[in-house]
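Worksheet for the structure shown next.
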Amino acid sequence: MFDDETTPLARAAEHSLLARQSARLRPALPRPDVTRVMVVANQKGGVGKTTSTVNLAAALAQLGQRVLVIDLDPQGNASTALNVEHHRGVRSTYDLIVDGLSLAEVAVPCPDVDGLWVVPATIDLAGAEIELVSVVARESRLLRALEGHGAIGTAAGAGEGRFDFVLVDCPPSLGLLTLNALVAGEEMLIPIQAEYYALEGLGQLLETVEMVRKHLNPRLRVSTILVTMYDARTRLAAGVAQEVREHFGEQVLKTSIPRSVRVSEAPSYGQTVMTYDPGSPGALSYLEAAREIVTKGMLP
């Protein structure tokens with residue numbers, strides 16, 4: 001398809017165009033009756049949390065869903081992968097949670113994926129937990145922001161312009177920022193790495209979820225568990241995946257995300273793998289995982 005005389009920039013532009021065209025040709029999946037707010041969290045670092053957030057968001061948008069990603073990690077990696085500005089001075093989740101700006105004032109469209117919006121994170125967010133210590137109802141700041149947005153809600157109330165999914169990318173900790181996400185969300189998506197320490201620390205996360213359910217948000221449920229970095233060649237990965245499925249049952253998606261160089265490369269180009277290499281195994285796996293999330297709905 002590409003001749004030898006084209007420049008790398010021209011090839012990248014053509015590849016991006018082909019990705020957009022193929023996304024438009026995919027049949028759209030039915031939209032949910034109400035916005036599904038999903039918190040992507042795991043206090044263990046390096047499990048593919050941010051990677052899964054941005055790629056699932058892009059895949060959901062390619063399947064005809066309207067998606068909002070809220071980057072709650074001060075590192076701003078989700079903002080980088082979705083190619084939105086997140087330097088100091090840009091309106092961000094800091095302004096949303098600390099200064100009380102509305103979602104409409106801080107959300108920006110993702111330039112590479114139609115139907116996807118982003119609330120970026122700046123380094124200012126690193127000080128948010130200290131600044132919120134003296135604030136009344138500090139754990140509910142994100143919830144109030146979501147409740148105040150006209151495009152979040154039921155089909156009858158918010159109309160065709162509503163968001164179908166809100167994905168909240170949390171920092172790798174159980175601090176006040178993650179607590180804000182757990183109070184605001186109804187569903188929780190936990191990425192679990194297919195390696196030996198996968199289940200280590202998960203008990204602490206589930207205990208935190210249970211505490212939030214008891215005292216702050218009884219609607220919260222662990223609806224989705226995604227096995228990431230799966231290497232089918234190793235017995236270890238298969239064993240971990242089997243253990244996770246035995247423990248969590250139908251909450252675990254049938255689709256596992258394989259280890260993939262293309263998935264790792266994409267953010268360095270300011271892209272998700274869904275546009276960087278839409279035909280790669282990683283992209284196809286995230287697309288199938290997104291399809292599962294849409295079609296199975298929230299578990300009771």
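By order in the structure tokens, chains are A, B, ...; within a chain, residues start at 1; ligands start at 1, following the order shown.
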Using only C-alpha atoms, which protein or nucleic acid residues come within 8 Å of region 57-70 of chain A? Drop anything in the same chain fewer than 3 positions from it, and give the result as a PDB file with N, CA, C and O atoms, in the first residue's frame.
ATOM      1  N   ALA A  23     -12.766   2.750  11.056  1.00  0.00           N
ATOM      2  CA  ALA A  23     -13.622   2.944  12.235  1.00  0.00           C
ATOM      3  C   ALA A  23     -15.029   3.318  11.815  1.00  0.00           C
ATOM      4  O   ALA A  23     -16.013   2.875  12.404  1.00  0.00           O
ATOM      5  N   ARG A  24     -15.138   4.170  10.771  1.00  0.00           N
ATOM      6  CA  ARG A  24     -16.467   4.589  10.316  1.00  0.00           C
ATOM      7  C   ARG A  24     -17.253   3.432   9.705  1.00  0.00           C
ATOM      8  O   ARG A  24     -18.478   3.423   9.716  1.00  0.00           O
ATOM      9  N   ARG A  26     -17.184   0.363  10.715  1.00  0.00           N
ATOM     10  CA  ARG A  26     -17.628  -0.616  11.706  1.00  0.00           C
ATOM     11  C   ARG A  26     -19.072  -0.331  12.104  1.00  0.00           C
ATOM     12  O   ARG A  26     -19.430   0.811  12.360  1.00  0.00           O
ATOM     13  N   PRO A  27     -19.904  -1.373  12.196  1.00  0.00           N
ATOM     14  CA  PRO A  27     -21.286  -1.127  12.637  1.00  0.00           C
ATOM     15  C   PRO A  27     -21.317  -0.649  14.077  1.00  0.00           C
ATOM     16  O   PRO A  27     -20.634  -1.192  14.949  1.00  0.00           O
ATOM     17  N   ALA A  28     -22.090   0.408  14.331  1.00  0.00           N
ATOM     18  CA  ALA A  28     -22.193   0.951  15.685  1.00  0.00           C
ATOM     19  C   ALA A  28     -22.974  -0.008  16.570  1.00  0.00           C
ATOM     20  O   ALA A  28     -23.945  -0.640  16.132  1.00  0.00           O
ATOM     21  N   LEU A  29     -22.557  -0.120  17.810  1.00  0.00           N
ATOM     22  CA  LEU A  29     -23.276  -0.947  18.774  1.00  0.00           C
ATOM     23  C   LEU A  29     -24.346  -0.104  19.463  1.00  0.00           C
ATOM     24  O   LEU A  29     -24.249   1.122  19.520  1.00  0.00           O
ATOM     25  N   PRO A  30     -25.389  -0.745  19.995  1.00  0.00           N
ATOM     26  CA  PRO A  30     -26.442   0.007  20.686  1.00  0.00           C
ATOM     27  C   PRO A  30     -25.871   0.818  21.846  1.00  0.00           C
ATOM     28  O   PRO A  30     -24.986   0.352  22.575  1.00  0.00           O
ATOM     29  N   ARG A  31     -26.393   2.010  22.024  1.00  0.00           N
ATOM     30  CA  ARG A  31     -25.933   2.870  23.113  1.00  0.00           C
ATOM     31  C   ARG A  31     -26.689   2.510  24.392  1.00  0.00           C
ATOM     32  O   ARG A  31     -27.860   2.147  24.337  1.00  0.00           O
ATOM     33  N   THR A  53      -7.211   2.246  29.685  1.00  0.00           N
ATOM     34  CA  THR A  53      -8.193   3.335  29.679  1.00  0.00           C
ATOM     35  C   THR A  53      -8.273   3.986  28.304  1.00  0.00           C
ATOM     36  O   THR A  53      -9.359   4.121  27.724  1.00  0.00           O
ATOM     37  N   VAL A  54      -7.129   4.401  27.771  1.00  0.00           N
ATOM     38  CA  VAL A  54      -7.151   5.159  26.520  1.00  0.00           C
ATOM     39  C   VAL A  54      -7.524   4.279  25.326  1.00  0.00           C
ATOM     40  O   VAL A  54      -8.255   4.724  24.423  1.00  0.00           O
ATOM     41  N   THR A  93      -8.211  18.607  35.138  1.00  0.00           N
ATOM     42  CA  THR A  93      -8.934  18.013  36.260  1.00  0.00           C
ATOM     43  C   THR A  93      -8.645  18.743  37.562  1.00  0.00           C
ATOM     44  O   THR A  93      -9.467  18.716  38.485  1.00  0.00           O
ATOM     45  N   VAL A 113      -9.700  10.822  17.359  1.00  0.00           N
ATOM     46  CA  VAL A 113     -10.799   9.852  17.452  1.00  0.00           C
ATOM     47  C   VAL A 113     -12.113  10.598  17.567  1.00  0.00           C
ATOM     48  O   VAL A 113     -12.343  11.329  18.538  1.00  0.00           O
ATOM     49  N   ASP A 114     -12.972  10.441  16.587  1.00  0.00           N
ATOM     50  CA  ASP A 114     -14.282  11.074  16.630  1.00  0.00           C
ATOM     51  C   ASP A 114     -15.114  10.475  17.767  1.00  0.00           C
ATOM     52  O   ASP A 114     -15.081   9.266  18.003  1.00  0.00           O
ATOM     53  N   GLY A 115     -15.873  11.325  18.457  1.00  0.00           N
ATOM     54  CA  GLY A 115     -16.750  10.844  19.519  1.00  0.00           C
ATOM     55  C   GLY A 115     -16.064  10.658  20.856  1.00  0.00           C
ATOM     56  O   GLY A 115     -16.649  10.087  21.772  1.00  0.00           O
ATOM     57  N   LEU A 116     -14.809  11.138  20.987  1.00  0.00           N
ATOM     58  CA  LEU A 116     -14.046  10.971  22.226  1.00  0.00           C
ATOM     59  C   LEU A 116     -13.603  12.335  22.753  1.00  0.00           C
ATOM     60  O   LEU A 116     -13.021  13.134  22.016  1.00  0.00           O
ATOM     61  N   TRP A 117     -13.904  12.594  24.021  1.00  0.00           N
ATOM     62  CA  TRP A 117     -13.505  13.837  24.683  1.00  0.00           C
ATOM     63  C   TRP A 117     -12.608  13.502  25.870  1.00  0.00           C
ATOM     64  O   TRP A 117     -12.671  12.400  26.417  1.00  0.00           O
ATOM     65  N   VAL A 118     -11.803  14.476  26.269  1.00  0.00           N
ATOM     66  CA  VAL A 118     -10.818  14.254  27.329  1.00  0.00           C
ATOM     67  C   VAL A 118     -10.808  15.436  28.289  1.00  0.00           C
ATOM     68  O   VAL A 118     -10.864  16.586  27.859  1.00  0.00           O
ATOM     69  N   VAL A 119     -10.744  15.140  29.594  1.00  0.00           N
ATOM     70  CA  VAL A 119     -10.392  16.153  30.589  1.00  0.00           C
ATOM     71  C   VAL A 119      -8.938  15.869  30.955  1.00  0.00           C
ATOM     72  O   VAL A 119      -8.653  14.873  31.618  1.00  0.00           O
ATOM     73  N   PRO A 120      -8.014  16.713  30.503  1.00  0.00           N
ATOM     74  CA  PRO A 120      -6.588  16.411  30.712  1.00  0.00           C
ATOM     75  C   PRO A 120      -6.161  16.619  32.155  1.00  0.00           C
ATOM     76  O   PRO A 120      -6.851  17.263  32.945  1.00  0.00           O
ATOM     77  N   ARG A 162     -25.762  12.833  24.777  1.00  0.00           N
ATOM     78  CA  ARG A 162     -25.194  12.380  26.054  1.00  0.00           C
ATOM     79  C   ARG A 162     -23.922  11.565  25.829  1.00  0.00           C
ATOM     80  O   ARG A 162     -23.692  11.004  24.752  1.00  0.00           O
ATOM     81  N   PHE A 163     -23.111  11.496  26.884  1.00  0.00           N
ATOM     82  CA  PHE A 163     -21.990  10.563  26.888  1.00  0.00           C
ATOM     83  C   PHE A 163     -22.513   9.178  27.255  1.00  0.00           C
ATOM     84  O   PHE A 163     -23.323   9.036  28.172  1.00  0.00           O
ATOM     85  N   ASP A 164     -22.032   8.176  26.540  1.00  0.00           N
ATOM     86  CA  ASP A 164     -22.411   6.795  26.846  1.00  0.00           C
ATOM     87  C   ASP A 164     -21.497   6.198  27.913  1.00  0.00           C
ATOM     88  O   ASP A 164     -21.942   5.414  28.749  1.00  0.00           O
ATOM     89  N   PHE A 165     -20.226   6.579  27.866  1.00  0.00           N
ATOM     90  CA  PHE A 165     -19.241   6.075  28.826  1.00  0.00           C
ATOM     91  C   PHE A 165     -18.387   7.229  29.340  1.00  0.00           C
ATOM     92  O   PHE A 165     -17.971   8.101  28.573  1.00  0.00           O
ATOM     93  N   VAL A 166     -18.139   7.214  30.639  1.00  0.00           N
ATOM     94  CA  VAL A 166     -17.130   8.083  31.241  1.00  0.00           C
ATOM     95  C   VAL A 166     -16.098   7.150  31.860  1.00  0.00           C
ATOM     96  O   VAL A 166     -16.425   6.356  32.749  1.00  0.00           O
ATOM     97  N   LEU A 167     -14.854   7.217  31.381  1.00  0.00           N
ATOM     98  CA  LEU A 167     -13.772   6.395  31.921  1.00  0.00           C
ATOM     99  C   LEU A 167     -12.850   7.294  32.733  1.00  0.00           C
ATOM    100  O   LEU A 167     -12.324   8.280  32.206  1.00  0.00           O
ATOM    101  N   VAL A 168     -12.657   6.951  34.004  1.00  0.00           N
ATOM    102  CA  VAL A 168     -11.815   7.749  34.889  1.00  0.00           C
ATOM    103  C   VAL A 168     -10.515   6.999  35.127  1.00  0.00           C
ATOM    104  O   VAL A 168     -10.508   5.908  35.713  1.00  0.00           O
ATOM    105  N   ASP A 169      -9.411   7.583  34.669  1.00  0.00           N
ATOM    106  CA  ASP A 169      -8.085   6.966  34.844  1.00  0.00           C
ATOM    107  C   ASP A 169      -7.490   7.453  36.158  1.00  0.00           C
ATOM    108  O   ASP A 169      -7.205   8.638  36.324  1.00  0.00           O
ATOM    109  N   THR A 272      -3.240   6.360  20.542  1.00  0.00           N
ATOM    110  CA  THR A 272      -3.588   5.044  21.069  1.00  0.00           C
ATOM    111  C   THR A 272      -3.211   4.028  19.995  1.00  0.00           C
ATOM    112  O   THR A 272      -2.997   4.390  18.824  1.00  0.00           O
ATOM    113  N   MET A 274      -5.158   2.092  18.709  1.00  0.00           N
ATOM    114  CA  MET A 274      -6.312   1.997  17.812  1.00  0.00           C
ATOM    115  C   MET A 274      -6.115   2.821  16.546  1.00  0.00           C
ATOM    116  O   MET A 274      -6.683   2.499  15.500  1.00  0.00           O
ATOM    117  N   TYR A 286      -8.193  -4.933  22.146  1.00  0.00           N
ATOM    118  CA  TYR A 286      -8.903  -3.856  22.845  1.00  0.00           C
ATOM    119  C   TYR A 286     -10.270  -3.598  22.216  1.00  0.00           C
ATOM    120  O   TYR A 286     -11.241  -3.299  22.912  1.00  0.00           O
ATOM    121  N   LEU A 287     -10.350  -3.721  20.899  1.00  0.00           N
ATOM    122  CA  LEU A 287     -11.634  -3.534  20.222  1.00  0.00           C
ATOM    123  C   LEU A 287     -12.630  -4.607  20.669  1.00  0.00           C
ATOM    124  O   LEU A 287     -13.800  -4.317  20.948  1.00  0.00           O
ATOM    125  N   ALA A 290     -13.710  -3.939  24.251  1.00  0.00           N
ATOM    126  CA  ALA A 290     -14.698  -2.861  24.275  1.00  0.00           C
ATOM    127  C   ALA A 290     -16.068  -3.374  23.842  1.00  0.00           C
ATOM    128  O   ALA A 290     -17.100  -3.004  24.425  1.00  0.00           O
ATOM    129  N   ARG A 291     -16.075  -4.241  22.836  1.00  0.00           N
ATOM    130  CA  ARG A 291     -17.346  -4.813  22.382  1.00  0.00           C
ATOM    131  C   ARG A 291     -18.005  -5.630  23.499  1.00  0.00           C
ATOM    132  O   ARG A 291     -19.219  -5.572  23.709  1.00  0.00           O
ATOM    133  N   VAL A 294     -19.593  -3.254  26.086  1.00  0.00           N
ATOM    134  CA  VAL A 294     -20.852  -2.677  25.622  1.00  0.00           C
ATOM    135  C   VAL A 294     -21.973  -3.699  25.656  1.00  0.00           C
ATOM    136  O   VAL A 294     -23.070  -3.416  26.151  1.00  0.00           O
TER     137      VAL A 294
END
Taking the DSSP assignment computed from this structure's backbone, write out as number ranges by chain all residues of region 77-278 of chain A that belong to helix (DSSP H, G or I).
A: 77-81, 93-97, 103-106, 123-131, 138-147, 155-158, 176-184, 202-215, 235-251, 261-269, 273-276
So how far away is CA of Glu187 (chain A) from CA of Val37 (chain A), in Å?
6.2 Å
One decimal, Å: what's the distance from CA of Phe248 (chain A) over to CA of Val183 (chain A), could you say?
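Between CA of Phe248 (chain A) and CA of Val183 (chain A) the gap works out to 22.3 Å.
We find CA of Tyr196 (chain A) and CA of Thr255 (chain A) to be spaced 19.5 Å apart.
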Excluding Ser268 (chain A) and its own-chain neighbours fewer than 4 positions away, which residues fall within 9 Å of it when counting only C-alpha atoms? Please give them as a VMD selection string.
chain A and resid 80 to 81 264
At a cut-off of 9 Å, can you tabulate as CSV every residue of region 93-206 of chain A near region 222-239 of chain A together with its closest atom pair and the distance in Å to one decimal, using only C-alpha atoms and ordering rows by chain then number?
residue,atom,partner,partner_atom,distance
A:Glu186,CA,A:Val222,CA,8.6
A:Glu187,CA,A:Ser223,CA,5.6
A:Met188,CA,A:Val222,CA,4.6
A:Leu189,CA,A:Thr224,CA,4.7
A:Ile190,CA,A:Ile225,CA,4.8
A:Pro191,CA,A:Leu226,CA,4.7
A:Ile192,CA,A:Val227,CA,4.9
A:Gln193,CA,A:Thr228,CA,4.9
A:Ala194,CA,A:Ala237,CA,4.9
A:Glu195,CA,A:Ala237,CA,5.9
A:Tyr196,CA,A:Leu236,CA,7.2
A:Leu206,CA,A:Val222,CA,8.6
Could you dump the residues just selected with C-alpha atoms as a PDB file, in the first residue's frame?
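What follows is the written file again_28.pdb:
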ATOM      1  CA  GLU A 186     -20.962   3.116  39.405  1.00  0.00           C
ATOM      2  CA  GLU A 187     -18.700   0.547  37.800  1.00  0.00           C
ATOM      3  CA  MET A 188     -15.101  -0.337  38.421  1.00  0.00           C
ATOM      4  CA  LEU A 189     -12.740  -1.788  35.837  1.00  0.00           C
ATOM      5  CA  ILE A 190      -9.618  -3.432  37.260  1.00  0.00           C
ATOM      6  CA  PRO A 191      -6.745  -4.300  34.891  1.00  0.00           C
ATOM      7  CA  ILE A 192      -4.738  -7.265  36.190  1.00  0.00           C
ATOM      8  CA  GLN A 193      -1.346  -8.158  34.784  1.00  0.00           C
ATOM      9  CA  ALA A 194      -0.903 -11.826  33.835  1.00  0.00           C
ATOM     10  CA  GLU A 195       2.154 -12.247  36.075  1.00  0.00           C
ATOM     11  CA  TYR A 196       3.023 -13.728  39.447  1.00  0.00           C
ATOM     12  CA  LEU A 206     -11.270  -4.576  47.148  1.00  0.00           C
TER      13      LEU A 206
END
Between A:Tyr276, A:Val263, A:Gly297, A:Thr35, single out the one closest to Gly157 (chain A), counting only C-alpha atoms.
A:Thr35
Within 7 Å of Asp124 (chain A), counting only C-alpha atoms, which residues show up once you throw out same-chain ones fewer than 3 positions away? Write them as a list in words, please.
Arg88, Tyr94 and Gly127 of chain A
Residues flagged strand (DSSP E or B) by DSSP in region 114-265 of chain A, as a CSV table (one decimal) with N, CA and C atoms, in the first residue's frame:
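Below is the file that was written, out_39.csv:
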chain,number,residue,atom,x,y,z
A,116,LEU,N,-14.8,11.1,21.0
A,116,LEU,CA,-14.0,11.0,22.2
A,116,LEU,C,-13.6,12.3,22.8
A,117,TRP,N,-13.9,12.6,24.0
A,117,TRP,CA,-13.5,13.8,24.7
A,117,TRP,C,-12.6,13.5,25.9
A,118,VAL,N,-11.8,14.5,26.3
A,118,VAL,CA,-10.8,14.3,27.3
A,118,VAL,C,-10.8,15.4,28.3
A,119,VAL,N,-10.7,15.1,29.6
A,119,VAL,CA,-10.4,16.2,30.6
A,119,VAL,C,-8.9,15.9,31.0
A,154,THR,N,-29.5,9.9,31.7
A,154,THR,CA,-30.4,9.0,31.0
A,154,THR,C,-30.6,9.5,29.6
A,165,PHE,N,-20.2,6.6,27.9
A,165,PHE,CA,-19.2,6.1,28.8
A,165,PHE,C,-18.4,7.2,29.3
A,166,VAL,N,-18.1,7.2,30.6
A,166,VAL,CA,-17.1,8.1,31.2
A,166,VAL,C,-16.1,7.2,31.9
A,167,LEU,N,-14.9,7.2,31.4
A,167,LEU,CA,-13.8,6.4,31.9
A,167,LEU,C,-12.9,7.3,32.7
A,168,VAL,N,-12.7,7.0,34.0
A,168,VAL,CA,-11.8,7.7,34.9
A,168,VAL,C,-10.5,7.0,35.1
A,169,ASP,N,-9.4,7.6,34.7
A,169,ASP,CA,-8.1,7.0,34.8
A,169,ASP,C,-7.5,7.5,36.2
A,187,GLU,N,-19.4,1.8,38.2
A,187,GLU,CA,-18.7,0.5,37.8
A,187,GLU,C,-17.2,0.7,38.0
A,188,MET,N,-16.6,-0.4,38.3
A,188,MET,CA,-15.1,-0.3,38.4
A,188,MET,C,-14.5,-1.4,37.5
A,189,LEU,N,-13.5,-0.9,36.7
A,189,LEU,CA,-12.7,-1.8,35.8
A,189,LEU,C,-11.3,-1.9,36.4
A,190,ILE,N,-10.9,-3.2,36.7
A,190,ILE,CA,-9.6,-3.4,37.3
A,190,ILE,C,-8.8,-4.2,36.2
A,191,PRO,N,-7.7,-3.6,35.7
A,191,PRO,CA,-6.7,-4.3,34.9
A,191,PRO,C,-5.8,-5.1,35.8
A,192,ILE,N,-5.6,-6.4,35.4
A,192,ILE,CA,-4.7,-7.3,36.2
A,192,ILE,C,-3.7,-7.8,35.2
A,193,GLN,N,-2.4,-7.7,35.6
A,193,GLN,CA,-1.3,-8.2,34.8
A,193,GLN,C,-1.2,-9.7,34.9
A,221,ARG,N,-19.8,-1.0,42.0
A,221,ARG,CA,-19.6,-2.4,41.8
A,221,ARG,C,-18.4,-2.7,40.9
A,222,VAL,N,-17.7,-3.8,41.2
A,222,VAL,CA,-16.6,-4.2,40.4
A,222,VAL,C,-17.3,-5.0,39.2
A,223,SER,N,-17.5,-4.3,38.1
A,223,SER,CA,-18.2,-4.9,37.0
A,223,SER,C,-17.3,-5.6,36.0
A,224,THR,N,-16.0,-5.2,35.9
A,224,THR,CA,-15.2,-5.6,34.8
A,224,THR,C,-13.7,-5.8,35.3
A,225,ILE,N,-13.2,-7.0,35.0
A,225,ILE,CA,-11.7,-7.2,35.2
A,225,ILE,C,-11.1,-7.6,33.9
A,226,LEU,N,-10.0,-7.0,33.5
A,226,LEU,CA,-9.4,-7.2,32.3
A,226,LEU,C,-7.9,-7.7,32.5
A,227,VAL,N,-7.6,-8.9,31.9
A,227,VAL,CA,-6.3,-9.5,32.0
A,227,VAL,C,-5.4,-8.8,31.0
A,228,THR,N,-4.3,-8.2,31.4
A,228,THR,CA,-3.4,-7.5,30.5
A,228,THR,C,-2.1,-8.2,30.4
A,230,TYR,N,-0.8,-10.4,28.5
A,230,TYR,CA,-0.9,-11.8,28.5
A,230,TYR,C,0.0,-12.4,27.4
A,252,VAL,N,-14.7,-11.2,34.7
A,252,VAL,CA,-13.5,-11.2,33.9
A,252,VAL,C,-13.9,-11.3,32.4
A,258,PRO,N,-2.9,-9.0,24.8
A,258,PRO,CA,-1.5,-9.6,24.7
A,258,PRO,C,-0.4,-8.6,25.0
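The nearest approach to Val84 (chain A) among the residues A:Thr208, A:Pro111, A:Val106, A:Ile293, with only C-alpha atoms taken into account, belongs to A:Pro111.
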Tell me which protein, DNA and RNA residues are within 12 Å of region 128-141 of chain A, counting only C-alpha atoms, leaving out same-chain ones fewer than 5 positions away, and put them as an NGL selection string.
:A and (72-74 or 92-103 or 121-123 or 146-148 or 171 or 173-185 or 212 or 215-217)
N, CA and C atoms of the current selection, written as an mmCIF file, in the first residue's frame:
data_model
loop_
_atom_site.group_PDB
_atom_site.id
_atom_site.type_symbol
_atom_site.label_atom_id
_atom_site.label_comp_id
_atom_site.auth_asym_id
_atom_site.auth_seq_id
_atom_site.Cartn_x
_atom_site.Cartn_y
_atom_site.Cartn_z
ATOM 1 N N LEU A 72 -7.166 11.492 35.907
ATOM 2 C CA LEU A 72 -6.981 11.869 37.309
ATOM 3 C C LEU A 72 -5.565 11.599 37.807
ATOM 4 N N ASP A 73 -4.677 11.222 36.911
ATOM 5 C CA ASP A 73 -3.298 10.924 37.282
ATOM 6 C C ASP A 73 -2.426 12.142 36.994
ATOM 7 N N PRO A 74 -1.755 12.707 38.007
ATOM 8 C CA PRO A 74 -0.921 13.899 37.784
ATOM 9 C C PRO A 74 0.157 13.720 36.713
ATOM 10 N N SER A 92 -7.844 21.797 33.401
ATOM 11 C CA SER A 92 -7.615 20.372 33.626
ATOM 12 C C SER A 92 -8.475 19.842 34.765
ATOM 13 N N THR A 93 -8.211 18.607 35.138
ATOM 14 C CA THR A 93 -8.934 18.013 36.260
ATOM 15 C C THR A 93 -8.645 18.743 37.562
ATOM 16 N N TYR A 94 -7.518 19.411 37.657
ATOM 17 C CA TYR A 94 -7.229 20.234 38.836
ATOM 18 C C TYR A 94 -8.279 21.332 38.965
ATOM 19 N N ASP A 95 -8.553 22.027 37.862
ATOM 20 C CA ASP A 95 -9.557 23.099 37.880
ATOM 21 C C ASP A 95 -10.947 22.547 38.161
ATOM 22 N N LEU A 96 -11.189 21.325 37.682
ATOM 23 C CA LEU A 96 -12.487 20.679 37.891
ATOM 24 C C LEU A 96 -12.708 20.350 39.364
ATOM 25 N N ILE A 97 -11.710 19.751 40.006
ATOM 26 C CA ILE A 97 -11.881 19.246 41.362
ATOM 27 C C ILE A 97 -11.561 20.292 42.431
ATOM 28 N N VAL A 98 -10.499 21.053 42.223
ATOM 29 C CA VAL A 98 -10.081 22.019 43.246
ATOM 30 C C VAL A 98 -10.797 23.358 43.099
ATOM 31 N N ASP A 99 -10.860 23.877 41.868
ATOM 32 C CA ASP A 99 -11.432 25.208 41.650
ATOM 33 C C ASP A 99 -12.924 25.187 41.328
ATOM 34 N N GLY A 100 -13.477 23.997 41.074
ATOM 35 C CA GLY A 100 -14.917 23.897 40.858
ATOM 36 C C GLY A 100 -15.399 24.281 39.479
ATOM 37 N N LEU A 101 -14.518 24.297 38.462
ATOM 38 C CA LEU A 101 -14.976 24.542 37.098
ATOM 39 C C LEU A 101 -15.877 23.392 36.646
ATOM 40 N N SER A 102 -16.727 23.651 35.673
ATOM 41 C CA SER A 102 -17.637 22.611 35.179
ATOM 42 C C SER A 102 -16.922 21.721 34.171
ATOM 43 N N LEU A 103 -17.494 20.549 33.936
ATOM 44 C CA LEU A 103 -16.922 19.635 32.948
ATOM 45 C C LEU A 103 -16.889 20.264 31.563
ATOM 46 N N ALA A 121 -5.000 16.060 32.488
ATOM 47 C CA ALA A 121 -4.394 16.251 33.810
ATOM 48 C C ALA A 121 -3.093 17.009 33.645
ATOM 49 N N THR A 122 -2.862 17.990 34.516
ATOM 50 C CA THR A 122 -1.593 18.718 34.529
ATOM 51 C C THR A 122 -0.854 18.390 35.827
ATOM 52 N N ILE A 123 0.380 18.839 35.904
ATOM 53 C CA ILE A 123 1.191 18.561 37.092
ATOM 54 C C ILE A 123 0.600 19.238 38.332
ATOM 55 N N LEU A 146 -19.796 15.631 37.746
ATOM 56 C CA LEU A 146 -20.513 14.761 36.810
ATOM 57 C C LEU A 146 -22.010 15.018 36.862
ATOM 58 N N GLU A 147 -22.541 15.176 38.058
ATOM 59 C CA GLU A 147 -23.977 15.406 38.207
ATOM 60 C C GLU A 147 -24.404 16.743 37.605
ATOM 61 N N GLY A 148 -23.461 17.684 37.527
ATOM 62 C CA GLY A 148 -23.798 18.997 36.997
ATOM 63 C C GLY A 148 -23.644 19.128 35.494
ATOM 64 N N PRO A 171 -4.730 7.503 39.534
ATOM 65 C CA PRO A 171 -3.301 7.312 39.829
ATOM 66 C C PRO A 171 -3.080 5.968 40.507
ATOM 67 N N SER A 173 -2.520 4.676 43.276
ATOM 68 C CA SER A 173 -2.544 4.819 44.733
ATOM 69 C C SER A 173 -3.993 4.802 45.178
ATOM 70 N N LEU A 174 -4.197 4.744 46.493
ATOM 71 C CA LEU A 174 -5.564 4.760 47.032
ATOM 72 C C LEU A 174 -5.790 6.057 47.812
ATOM 73 N N GLY A 175 -5.321 7.167 47.278
ATOM 74 C CA GLY A 175 -5.458 8.453 47.932
ATOM 75 C C GLY A 175 -6.770 9.141 47.613
ATOM 76 N N LEU A 176 -6.805 10.447 47.858
ATOM 77 C CA LEU A 176 -8.034 11.219 47.737
ATOM 78 C C LEU A 176 -8.521 11.341 46.294
ATOM 79 N N LEU A 177 -7.605 11.358 45.341
ATOM 80 C CA LEU A 177 -8.021 11.428 43.942
ATOM 81 C C LEU A 177 -8.750 10.153 43.526
ATOM 82 N N THR A 178 -8.177 9.004 43.884
ATOM 83 C CA THR A 178 -8.845 7.735 43.579
ATOM 84 C C THR A 178 -10.161 7.626 44.336
ATOM 85 N N LEU A 179 -10.191 8.109 45.574
ATOM 86 C CA LEU A 179 -11.433 8.086 46.355
ATOM 87 C C LEU A 179 -12.518 8.917 45.669
ATOM 88 N N ASN A 180 -12.151 10.071 45.109
ATOM 89 C CA ASN A 180 -13.112 10.882 44.357
ATOM 90 C C ASN A 180 -13.706 10.093 43.195
ATOM 91 N N ALA A 181 -12.853 9.334 42.510
ATOM 92 C CA ALA A 181 -13.325 8.527 41.390
ATOM 93 C C ALA A 181 -14.280 7.434 41.859
ATOM 94 N N LEU A 182 -13.941 6.756 42.969
ATOM 95 C CA LEU A 182 -14.775 5.666 43.478
ATOM 96 C C LEU A 182 -16.129 6.176 43.965
ATOM 97 N N VAL A 183 -16.154 7.386 44.488
ATOM 98 C CA VAL A 183 -17.427 7.964 44.933
ATOM 99 C C VAL A 183 -18.281 8.363 43.731
ATOM 100 N N ALA A 184 -17.636 8.783 42.651
ATOM 101 C CA ALA A 184 -18.372 9.254 41.477
ATOM 102 C C ALA A 184 -18.842 8.121 40.573
ATOM 103 N N GLY A 185 -18.158 6.972 40.603
ATOM 104 C CA GLY A 185 -18.447 5.913 39.644
ATOM 105 C C GLY A 185 -19.507 4.935 40.098
ATOM 106 N N VAL A 212 -15.911 2.084 50.603
ATOM 107 C CA VAL A 212 -16.596 3.149 49.861
ATOM 108 C C VAL A 212 -18.066 2.801 49.673
ATOM 109 N N HIS A 215 -19.939 3.359 53.103
ATOM 110 C CA HIS A 215 -20.011 4.682 53.711
ATOM 111 C C HIS A 215 -20.281 5.827 52.739
ATOM 112 N N LEU A 216 -19.935 5.646 51.441
ATOM 113 C CA LEU A 216 -20.006 6.791 50.541
ATOM 114 C C LEU A 216 -20.777 6.546 49.246
ATOM 115 N N ASN A 217 -20.689 5.341 48.696
ATOM 116 C CA ASN A 217 -21.285 5.104 47.375
ATOM 117 C C ASN A 217 -21.779 3.668 47.255
#
With only C-alpha atoms as the counted atoms, please give the residues lying no more than 12 Å from His247 (chain A), apart from itself and same-chain residues fewer than 6 positions off, as a compact mmCIF listing (two decimals) with C-alpha atoms, in the first residue's frame.
# COMPACT_ATOMS: atom_id res chain seq x y z
CA LEU A 199 -3.28 -10.69 42.80
CA LEU A 202 -5.80 -6.65 45.03
CA GLY A 203 -7.27 -7.55 48.40
CA ILE A 225 -11.75 -7.24 35.21
CA VAL A 240 -2.67 -16.47 36.49
CA ALA A 241 -5.50 -15.89 34.01
